[in-house]
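Structure below is start.cif: mmCIF, C-alpha atoms and all ligand atoms.
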```
data_query
#
loop_
_atom_site.label_atom_id
_atom_site.label_comp_id
_atom_site.auth_asym_id
_atom_site.auth_seq_id
_atom_site.Cartn_x
_atom_site.Cartn_y
_atom_site.Cartn_z
CA MET A 1 0.00 0.00 0.00
CA ILE A 2 1.35 3.41 -0.94
CA SER A 3 0.40 6.09 1.57
CA ILE A 4 -0.99 9.33 0.18
CA LYS A 5 -0.30 12.32 2.40
CA THR A 6 -2.83 15.06 3.04
CA LYS A 7 -1.89 18.73 2.81
CA ASN A 8 -1.47 18.78 6.58
CA GLU A 9 0.75 15.68 6.57
CA LEU A 10 2.88 17.19 3.82
CA ASP A 11 3.43 20.24 6.02
CA LEU A 12 4.68 17.93 8.79
CA MET A 13 6.96 16.13 6.35
CA ARG A 14 8.37 19.46 5.29
CA LYS A 15 9.26 20.14 8.94
CA ALA A 16 11.07 16.80 9.25
CA GLY A 17 12.80 17.54 5.94
CA GLU A 18 13.95 20.94 7.19
CA VAL A 19 15.69 19.29 10.14
CA VAL A 20 17.55 16.98 7.76
CA ALA A 21 18.53 19.91 5.53
CA LEU A 22 19.75 21.93 8.50
CA ALA A 23 21.82 18.97 9.73
CA HIS A 24 23.43 18.65 6.28
CA LYS A 25 24.27 22.34 6.27
CA LYS A 26 25.93 22.09 9.70
CA VAL A 27 27.86 18.92 8.94
CA GLU A 28 29.17 20.27 5.63
CA GLU A 29 30.88 23.11 7.51
CA SER A 30 32.85 20.56 9.57
CA ILE A 31 34.11 18.34 6.77
CA LYS A 32 37.87 18.81 6.55
CA PRO A 33 41.05 16.73 6.78
CA GLY A 34 41.59 15.36 10.29
CA VAL A 35 37.97 15.23 11.40
CA THR A 36 36.62 11.78 12.33
CA THR A 37 33.35 10.41 11.03
CA LEU A 38 32.29 9.96 14.67
CA GLU A 39 32.67 13.73 15.22
CA LEU A 40 30.42 14.33 12.21
CA ASP A 41 27.88 11.94 13.70
CA ARG A 42 27.87 13.92 16.97
CA ILE A 43 27.35 17.22 15.16
CA VAL A 44 24.36 15.85 13.24
CA GLU A 45 22.78 14.18 16.24
CA GLU A 46 22.97 17.44 18.17
CA VAL A 47 21.23 19.39 15.40
CA ILE A 48 18.51 16.76 15.14
CA ARG A 49 17.85 16.56 18.88
CA LYS A 50 17.97 20.34 19.39
CA SER A 51 15.28 20.59 16.72
CA GLY A 52 13.09 18.28 18.80
CA ALA A 53 13.51 15.43 16.34
CA ILE A 54 14.94 11.90 16.65
CA PRO A 55 17.62 10.38 14.40
CA SER A 56 15.75 7.94 12.12
CA PHE A 57 18.66 5.56 11.59
CA LYS A 58 19.74 4.93 15.19
CA GLY A 59 18.51 1.53 16.33
CA TYR A 60 17.33 0.50 12.84
CA LYS A 61 17.26 -3.30 12.54
CA CYS A 62 19.97 -4.76 10.35
CA PRO A 63 18.35 -6.46 7.36
CA TYR A 64 21.03 -9.18 7.35
CA PRO A 65 21.37 -11.95 9.96
CA GLY A 66 24.14 -11.36 12.48
CA GLY A 67 24.24 -7.55 12.14
CA ILE A 68 23.82 -5.17 15.10
CA ASP A 69 21.07 -2.53 15.19
CA TYR A 70 22.35 0.61 13.44
CA PRO A 71 24.43 2.42 16.09
CA SER A 72 24.59 5.98 14.71
CA SER A 73 22.65 9.01 13.51
CA ILE A 74 24.39 9.23 10.12
CA CYS A 75 25.82 6.92 7.54
CA ALA A 76 29.33 8.08 6.62
CA SER A 77 30.66 6.32 3.52
CA VAL A 78 34.18 7.25 2.38
CA ASN A 79 35.64 6.80 -1.15
CA ASN A 80 34.89 3.19 -2.24
CA GLU A 81 32.17 2.85 0.41
CA VAL A 82 28.78 3.10 -1.28
CA VAL A 83 26.29 3.41 1.59
CA HIS A 84 25.78 2.56 5.28
CA GLY A 85 29.32 3.32 6.44
CA ILE A 86 29.30 3.32 10.26
CA PRO A 87 30.89 6.40 11.89
CA GLY A 88 34.07 5.73 13.85
CA LEU A 89 37.58 6.96 14.58
CA ARG A 90 38.64 7.09 10.92
CA GLU A 91 40.07 10.53 10.14
CA LEU A 92 39.19 12.11 6.82
CA LYS A 93 42.16 12.88 4.55
CA ASP A 94 42.69 15.56 1.95
CA GLY A 95 41.33 14.20 -1.36
CA ASP A 96 38.72 11.85 0.17
CA ILE A 97 35.08 12.02 -0.76
CA ILE A 98 32.45 11.29 1.88
CA SER A 99 28.78 10.47 1.46
CA ILE A 100 26.69 11.50 4.45
CA ASP A 101 23.16 10.16 4.80
CA ILE A 102 20.85 11.68 7.42
CA GLY A 103 17.33 10.81 8.59
CA ALA A 104 15.20 12.70 11.10
CA TYR A 105 11.85 11.78 12.64
CA LEU A 106 9.62 14.65 13.77
CA ASN A 107 5.89 14.80 14.57
CA GLY A 108 5.35 11.28 13.26
CA PHE A 109 7.15 11.65 9.93
CA HIS A 110 10.60 10.96 8.53
CA GLY A 111 12.87 13.02 6.28
CA ASP A 112 15.84 11.36 4.54
CA ALA A 113 18.63 12.90 2.45
CA ALA A 114 22.21 12.15 1.41
CA ARG A 115 25.01 14.20 -0.14
CA THR A 116 28.58 13.45 -1.18
CA PHE A 117 31.13 16.05 -0.08
CA ALA A 118 34.75 16.74 -0.98
CA VAL A 119 37.40 16.63 1.78
CA GLY A 120 39.92 19.37 1.03
CA LYS A 121 41.06 19.28 -2.58
CA ILE A 122 39.80 16.31 -4.60
CA SER A 123 40.66 15.05 -8.09
CA PRO A 124 38.74 16.33 -11.12
CA GLU A 125 37.50 12.74 -11.62
CA ALA A 126 35.99 12.63 -8.13
CA GLU A 127 34.47 16.08 -8.66
CA LYS A 128 32.80 14.91 -11.87
CA LEU A 129 31.40 11.80 -10.20
CA ILE A 130 29.84 13.87 -7.40
CA GLU A 131 28.32 16.35 -9.86
CA ALA A 132 26.92 13.67 -12.18
CA THR A 133 25.37 11.84 -9.22
CA LYS A 134 23.65 15.01 -8.03
CA GLN A 135 22.49 15.89 -11.53
CA SER A 136 21.07 12.38 -12.07
CA PHE A 137 18.72 13.01 -9.15
CA PHE A 138 17.45 16.20 -10.80
CA GLU A 139 17.10 14.44 -14.18
CA GLY A 140 15.11 11.68 -12.46
CA ILE A 141 12.70 13.92 -10.61
CA LYS A 142 11.85 15.88 -13.76
CA ASN A 143 9.71 12.81 -14.41
CA ALA A 144 8.23 12.68 -10.90
CA VAL A 145 4.92 14.08 -12.08
CA GLU A 146 1.42 12.76 -11.46
CA GLY A 147 0.42 10.22 -14.12
CA ASN A 148 3.97 9.03 -14.84
CA ARG A 149 5.29 5.80 -13.37
CA ILE A 150 8.23 5.02 -11.07
CA ILE A 151 10.14 3.62 -14.05
CA ASP A 152 10.10 7.06 -15.67
CA ILE A 153 12.18 8.37 -12.75
CA SER A 154 14.44 5.28 -12.79
CA SER A 155 15.15 5.34 -16.50
CA ALA A 156 16.03 9.04 -16.55
CA ILE A 157 18.57 8.45 -13.78
CA GLU A 158 20.05 5.40 -15.50
CA ASP A 159 20.33 7.12 -18.87
CA TYR A 160 22.01 10.20 -17.45
CA ILE A 161 24.53 8.13 -15.47
CA ALA A 162 25.29 5.82 -18.40
CA SER A 163 25.82 8.78 -20.73
CA ASN A 164 28.44 10.06 -18.29
CA GLY A 165 30.28 6.73 -18.28
CA TYR A 166 29.29 5.66 -14.76
CA THR A 167 27.15 2.82 -13.39
CA VAL A 168 24.23 2.76 -10.97
CA VAL A 169 24.08 0.42 -7.99
CA ARG A 170 21.26 -2.09 -8.41
CA GLU A 171 21.14 -3.83 -5.03
CA TYR A 172 19.99 -0.73 -3.14
CA VAL A 173 17.12 1.48 -4.23
CA GLY A 174 15.09 4.53 -3.26
CA HIS A 175 11.80 4.19 -1.41
CA GLY A 176 8.51 5.68 -0.36
CA ILE A 177 8.78 7.54 2.97
CA GLY A 178 6.39 8.97 5.54
CA ARG A 179 5.35 7.56 8.90
CA GLU A 180 7.90 4.83 8.18
CA MET A 181 11.36 5.53 6.82
CA HIS A 182 10.97 2.79 4.22
CA GLU A 183 7.55 2.57 2.60
CA GLU A 184 6.33 1.35 -0.76
CA PRO A 185 7.12 1.78 -3.58
CA GLN A 186 10.74 0.83 -4.29
CA ILE A 187 12.49 3.28 -6.60
CA PRO A 188 15.30 1.60 -8.54
CA ASN A 189 17.89 3.83 -10.20
CA TYR A 190 17.75 1.66 -13.33
CA ARG A 191 15.04 0.22 -15.56
CA SER A 192 13.81 -2.78 -13.64
CA ARG A 193 11.42 -5.39 -15.03
CA GLU A 194 8.47 -3.75 -13.34
CA ARG A 195 7.23 -0.37 -14.44
CA GLY A 196 6.14 0.39 -10.90
CA PRO A 197 2.97 2.18 -9.82
CA ARG A 198 1.61 5.39 -11.29
CA LEU A 199 2.59 8.55 -9.46
CA GLN A 200 -0.13 10.44 -7.64
CA HIS A 201 -0.07 13.75 -5.84
CA GLY A 202 0.52 13.26 -2.12
CA MET A 203 3.08 10.48 -2.59
CA THR A 204 6.36 11.16 -0.81
CA LEU A 205 9.49 9.52 -2.15
CA ALA A 206 13.17 9.27 -1.25
CA VAL A 207 14.96 9.27 -4.60
CA GLU A 208 18.58 8.28 -4.08
CA PRO A 209 20.97 7.43 -6.91
CA MET A 210 24.10 5.57 -5.77
CA VAL A 211 26.65 5.90 -8.57
CA ASN A 212 29.91 4.04 -9.15
CA GLU A 213 32.96 4.99 -11.18
CA GLY A 214 33.61 1.38 -12.23
CA THR A 215 31.48 -1.72 -11.87
CA TYR A 216 27.97 -1.42 -10.47
CA ARG A 217 28.71 -4.52 -8.38
CA VAL A 218 28.98 -4.08 -4.62
CA GLU A 219 30.02 -6.15 -1.60
CA LEU A 220 28.86 -6.14 2.01
CA LEU A 221 31.54 -5.91 4.72
CA LYS A 222 31.68 -8.30 7.68
CA ASN A 223 29.95 -5.72 9.89
CA LYS A 224 26.81 -6.46 7.79
CA TRP A 225 26.22 -2.76 7.14
CA THR A 226 28.96 -1.12 5.09
CA VAL A 227 28.51 -1.59 1.35
CA VAL A 228 31.64 -1.13 -0.81
CA THR A 229 32.29 -1.18 -4.54
CA ALA A 230 33.44 -4.62 -5.74
CA ASP A 231 36.39 -3.09 -7.63
CA GLY A 232 37.47 -0.56 -4.99
CA MET A 233 36.68 2.44 -7.20
CA LEU A 234 34.81 5.53 -5.96
CA SER A 235 31.07 5.80 -5.32
CA ALA A 236 28.81 8.81 -4.72
CA HIS A 237 25.28 9.21 -3.35
CA TYR A 238 22.66 11.96 -3.62
CA GLU A 239 19.22 11.77 -2.05
CA ASN A 240 16.28 13.98 -1.24
CA THR A 241 12.79 13.37 0.06
CA ILE A 242 10.27 14.77 -2.45
CA ALA A 243 6.51 15.19 -2.65
CA VAL A 244 4.69 14.44 -5.91
CA THR A 245 2.18 17.10 -7.01
CA GLU A 246 0.11 17.78 -10.13
CA ASN A 247 3.07 19.73 -11.46
CA GLU A 248 6.70 19.86 -10.41
CA PRO A 249 7.70 17.81 -7.37
CA VAL A 250 8.50 19.65 -4.16
CA ILE A 251 11.87 18.86 -2.56
CA LEU A 252 11.33 18.59 1.19
CA THR A 253 14.98 18.25 2.30
CA ILE A 254 16.46 21.44 0.83
CA LEU A 255 16.35 24.75 2.74
CA ASP A 256 15.04 27.66 0.67
N1 LIG S 301 18.92 6.59 3.51
C1 LIG S 301 19.27 5.22 3.83
C2 LIG S 301 18.17 4.30 3.36
O1 LIG S 301 17.21 4.80 2.86
C3 LIG S 301 19.66 5.10 5.22
C4 LIG S 301 19.36 3.87 5.99
S1 LIG S 301 20.50 3.66 7.25
C5 LIG S 301 19.72 2.70 8.36
O2 LIG S 301 18.25 3.09 3.40
F1 LIG S 301 20.49 2.48 9.29
F2 LIG S 301 18.69 3.30 8.80
F3 LIG S 301 19.33 1.56 7.74
CO CO S 302 16.80 6.62 1.87
#
```

Entire entry expressed as structure tokens:
Amino acid sequence: MISIKTKNELDLMRKAGEVVALAHKKVEESIKPGVTTLELDRIVEEVIRKSGAIPSFKGYKCPYPGGIDYPSSICASVNNEVVHGIPGLRELKDGDIISIDIGAYLNGFHGDAARTFAVGKISPEAEKLIEATKQSFFEGIKNAVEGNRIIDISSAIEDYIASNGYTVVREYVGHGIGREMHEEPQIPNYRSRERGPRLQHGMTLAVEPMVNEGTYRVELLKNKWTVVTADGMLSAHYENTIAVTENEPVILTILD
């Protein structure tokens, strides 16, 4: 079942989305060589809690047997890490890229967004990967209009990424979002066999391309959370929570 949000519910989702956007703004200011991913986690958690919200990810059940509940407020995925990197004592180095994923729960609704940031001065190749990943999100959501289908978002993302010489991760996908962080429908970043449901105003979606420099194949580390590229090349992530309307979608996790 896909939940359709009322006007009032969309206002609440916007509030949750604002907390996520604010946390991203704060954390971006702290990303520099020498900082640990655990310090970034602390900064985000403080913003979320001071806003009266709760970190959505903390305590989330691991989908794989043998994994601990998610211990942190952010996912911090460096270089070849694709998603779900667990914050720790690793210090960022000049030239790294880091994907930060943040979720906040406020007044019964979740907001979810991810960005990839540069640490100090990065290579032109890494810069291009980050930009293409971000742009693929915007290409995708041009199709997030009532009457279209999920596959119209997916195929626009896939085509844009392929035309830039990159690959999209297939094992992890975007998702509906609302009272639960993960709701129906799934939103692949590639043309899957199913066209997916028709889009309707009041649907809220987390669209999140995960883009690799080399192979699209990924591996799961022994901690049962951290996903890495199979070939060790770079990966970038860009995600926003959006609301479908009769016209252009509204992005709920960007501050205006
Ligand atoms: N944005 C990610 C997702 O949609 C974050 C999940 S981290 C988790 O899957 F810990 F909550 F699983
Ligand atoms: Co998400």

Which residue gives the smallest distance to ligand LIG 301 (chain S) among A:Ile68, A:Val168, A:Leu106, A:Val35, with only C-alpha atoms and all ligand atoms counted?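 Checking each of A:Ile68, A:Val168, A:Leu106, A:Val35 against ligand LIG 301 (chain S), counting only C-alpha atoms and all ligand atoms, the winner is A:Ile68.
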
Contacts to ligand LIG 301 (chain S) at 8 Å cut-off (all atoms listed in the file) as a ChimeraX atom specification: /A:56-62,69-72,74-75,83-84,101-103,112-114,172-175,181-182,206,208,239

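Here CA of Glu81 (chain A) is placed at a distance of 22.3 Å from CA of Lys26 (chain A).
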
Residue with smallest distance to ligand CO 302 (chain S) - pool A:Leu40, A:Ala230, A:Val207, A:Val19, counting only C-alpha atoms and all ligand atoms: A:Val207

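Remark: for Phe109 (chain A), the closest of the candidate residues A:Gly88, A:Pro63, A:Gly52, A:Gly17 is A:Gly17 (distances computed over all atoms listed in the file).
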
Could you write region 176-250 of chain A of the block just shown to a file containing C-alpha atoms, as a PDB file, in the first residue's frame?
```
ATOM      1  CA  GLY A 176       8.510   5.680  -0.362  1.00  0.00           C
ATOM      2  CA  ILE A 177       8.784   7.535   2.971  1.00  0.00           C
ATOM      3  CA  GLY A 178       6.392   8.968   5.539  1.00  0.00           C
ATOM      4  CA  ARG A 179       5.346   7.564   8.904  1.00  0.00           C
ATOM      5  CA  GLU A 180       7.896   4.827   8.178  1.00  0.00           C
ATOM      6  CA  MET A 181      11.360   5.526   6.817  1.00  0.00           C
ATOM      7  CA  HIS A 182      10.967   2.787   4.221  1.00  0.00           C
ATOM      8  CA  GLU A 183       7.555   2.571   2.600  1.00  0.00           C
ATOM      9  CA  GLU A 184       6.331   1.351  -0.759  1.00  0.00           C
ATOM     10  CA  PRO A 185       7.123   1.780  -3.576  1.00  0.00           C
ATOM     11  CA  GLN A 186      10.737   0.829  -4.289  1.00  0.00           C
ATOM     12  CA  ILE A 187      12.490   3.280  -6.600  1.00  0.00           C
ATOM     13  CA  PRO A 188      15.301   1.604  -8.544  1.00  0.00           C
ATOM     14  CA  ASN A 189      17.887   3.830 -10.199  1.00  0.00           C
ATOM     15  CA  TYR A 190      17.755   1.660 -13.334  1.00  0.00           C
ATOM     16  CA  ARG A 191      15.036   0.224 -15.559  1.00  0.00           C
ATOM     17  CA  SER A 192      13.807  -2.782 -13.640  1.00  0.00           C
ATOM     18  CA  ARG A 193      11.419  -5.390 -15.033  1.00  0.00           C
ATOM     19  CA  GLU A 194       8.472  -3.750 -13.337  1.00  0.00           C
ATOM     20  CA  ARG A 195       7.226  -0.366 -14.438  1.00  0.00           C
ATOM     21  CA  GLY A 196       6.141   0.393 -10.899  1.00  0.00           C
ATOM     22  CA  PRO A 197       2.974   2.184  -9.822  1.00  0.00           C
ATOM     23  CA  ARG A 198       1.607   5.388 -11.287  1.00  0.00           C
ATOM     24  CA  LEU A 199       2.589   8.547  -9.455  1.00  0.00           C
ATOM     25  CA  GLN A 200      -0.133  10.439  -7.645  1.00  0.00           C
ATOM     26  CA  HIS A 201      -0.072  13.751  -5.836  1.00  0.00           C
ATOM     27  CA  GLY A 202       0.517  13.262  -2.121  1.00  0.00           C
ATOM     28  CA  MET A 203       3.075  10.482  -2.593  1.00  0.00           C
ATOM     29  CA  THR A 204       6.362  11.164  -0.814  1.00  0.00           C
ATOM     30  CA  LEU A 205       9.490   9.515  -2.154  1.00  0.00           C
ATOM     31  CA  ALA A 206      13.168   9.267  -1.248  1.00  0.00           C
ATOM     32  CA  VAL A 207      14.956   9.267  -4.599  1.00  0.00           C
ATOM     33  CA  GLU A 208      18.581   8.284  -4.082  1.00  0.00           C
ATOM     34  CA  PRO A 209      20.971   7.428  -6.909  1.00  0.00           C
ATOM     35  CA  MET A 210      24.103   5.572  -5.772  1.00  0.00           C
ATOM     36  CA  VAL A 211      26.649   5.902  -8.575  1.00  0.00           C
ATOM     37  CA  ASN A 212      29.910   4.037  -9.149  1.00  0.00           C
ATOM     38  CA  GLU A 213      32.964   4.991 -11.180  1.00  0.00           C
ATOM     39  CA  GLY A 214      33.609   1.385 -12.228  1.00  0.00           C
ATOM     40  CA  THR A 215      31.482  -1.720 -11.872  1.00  0.00           C
ATOM     41  CA  TYR A 216      27.965  -1.423 -10.473  1.00  0.00           C
ATOM     42  CA  ARG A 217      28.707  -4.516  -8.379  1.00  0.00           C
ATOM     43  CA  VAL A 218      28.983  -4.082  -4.622  1.00  0.00           C
ATOM     44  CA  GLU A 219      30.023  -6.148  -1.596  1.00  0.00           C
ATOM     45  CA  LEU A 220      28.864  -6.141   2.015  1.00  0.00           C
ATOM     46  CA  LEU A 221      31.541  -5.912   4.716  1.00  0.00           C
ATOM     47  CA  LYS A 222      31.676  -8.301   7.682  1.00  0.00           C
ATOM     48  CA  ASN A 223      29.948  -5.718   9.893  1.00  0.00           C
ATOM     49  CA  LYS A 224      26.812  -6.465   7.786  1.00  0.00           C
ATOM     50  CA  TRP A 225      26.220  -2.765   7.144  1.00  0.00           C
ATOM     51  CA  THR A 226      28.957  -1.125   5.085  1.00  0.00           C
ATOM     52  CA  VAL A 227      28.508  -1.586   1.346  1.00  0.00           C
ATOM     53  CA  VAL A 228      31.640  -1.131  -0.814  1.00  0.00           C
ATOM     54  CA  THR A 229      32.294  -1.179  -4.538  1.00  0.00           C
ATOM     55  CA  ALA A 230      33.441  -4.618  -5.741  1.00  0.00           C
ATOM     56  CA  ASP A 231      36.394  -3.094  -7.632  1.00  0.00           C
ATOM     57  CA  GLY A 232      37.471  -0.562  -4.985  1.00  0.00           C
ATOM     58  CA  MET A 233      36.683   2.439  -7.195  1.00  0.00           C
ATOM     59  CA  LEU A 234      34.808   5.526  -5.963  1.00  0.00           C
ATOM     60  CA  SER A 235      31.074   5.800  -5.318  1.00  0.00           C
ATOM     61  CA  ALA A 236      28.810   8.810  -4.719  1.00  0.00           C
ATOM     62  CA  HIS A 237      25.278   9.212  -3.353  1.00  0.00           C
ATOM     63  CA  TYR A 238      22.664  11.955  -3.615  1.00  0.00           C
ATOM     64  CA  GLU A 239      19.221  11.769  -2.050  1.00  0.00           C
ATOM     65  CA  ASN A 240      16.277  13.983  -1.237  1.00  0.00           C
ATOM     66  CA  THR A 241      12.786  13.373   0.055  1.00  0.00           C
ATOM     67  CA  ILE A 242      10.270  14.767  -2.451  1.00  0.00           C
ATOM     68  CA  ALA A 243       6.508  15.189  -2.654  1.00  0.00           C
ATOM     69  CA  VAL A 244       4.690  14.440  -5.908  1.00  0.00           C
ATOM     70  CA  THR A 245       2.182  17.096  -7.006  1.00  0.00           C
ATOM     71  CA  GLU A 246       0.107  17.779 -10.134  1.00  0.00           C
ATOM     72  CA  ASN A 247       3.068  19.734 -11.457  1.00  0.00           C
ATOM     73  CA  GLU A 248       6.697  19.855 -10.409  1.00  0.00           C
ATOM     74  CA  PRO A 249       7.700  17.809  -7.369  1.00  0.00           C
ATOM     75  CA  VAL A 250       8.499  19.653  -4.157  1.00  0.00           C
TER      76      VAL A 250
END
```
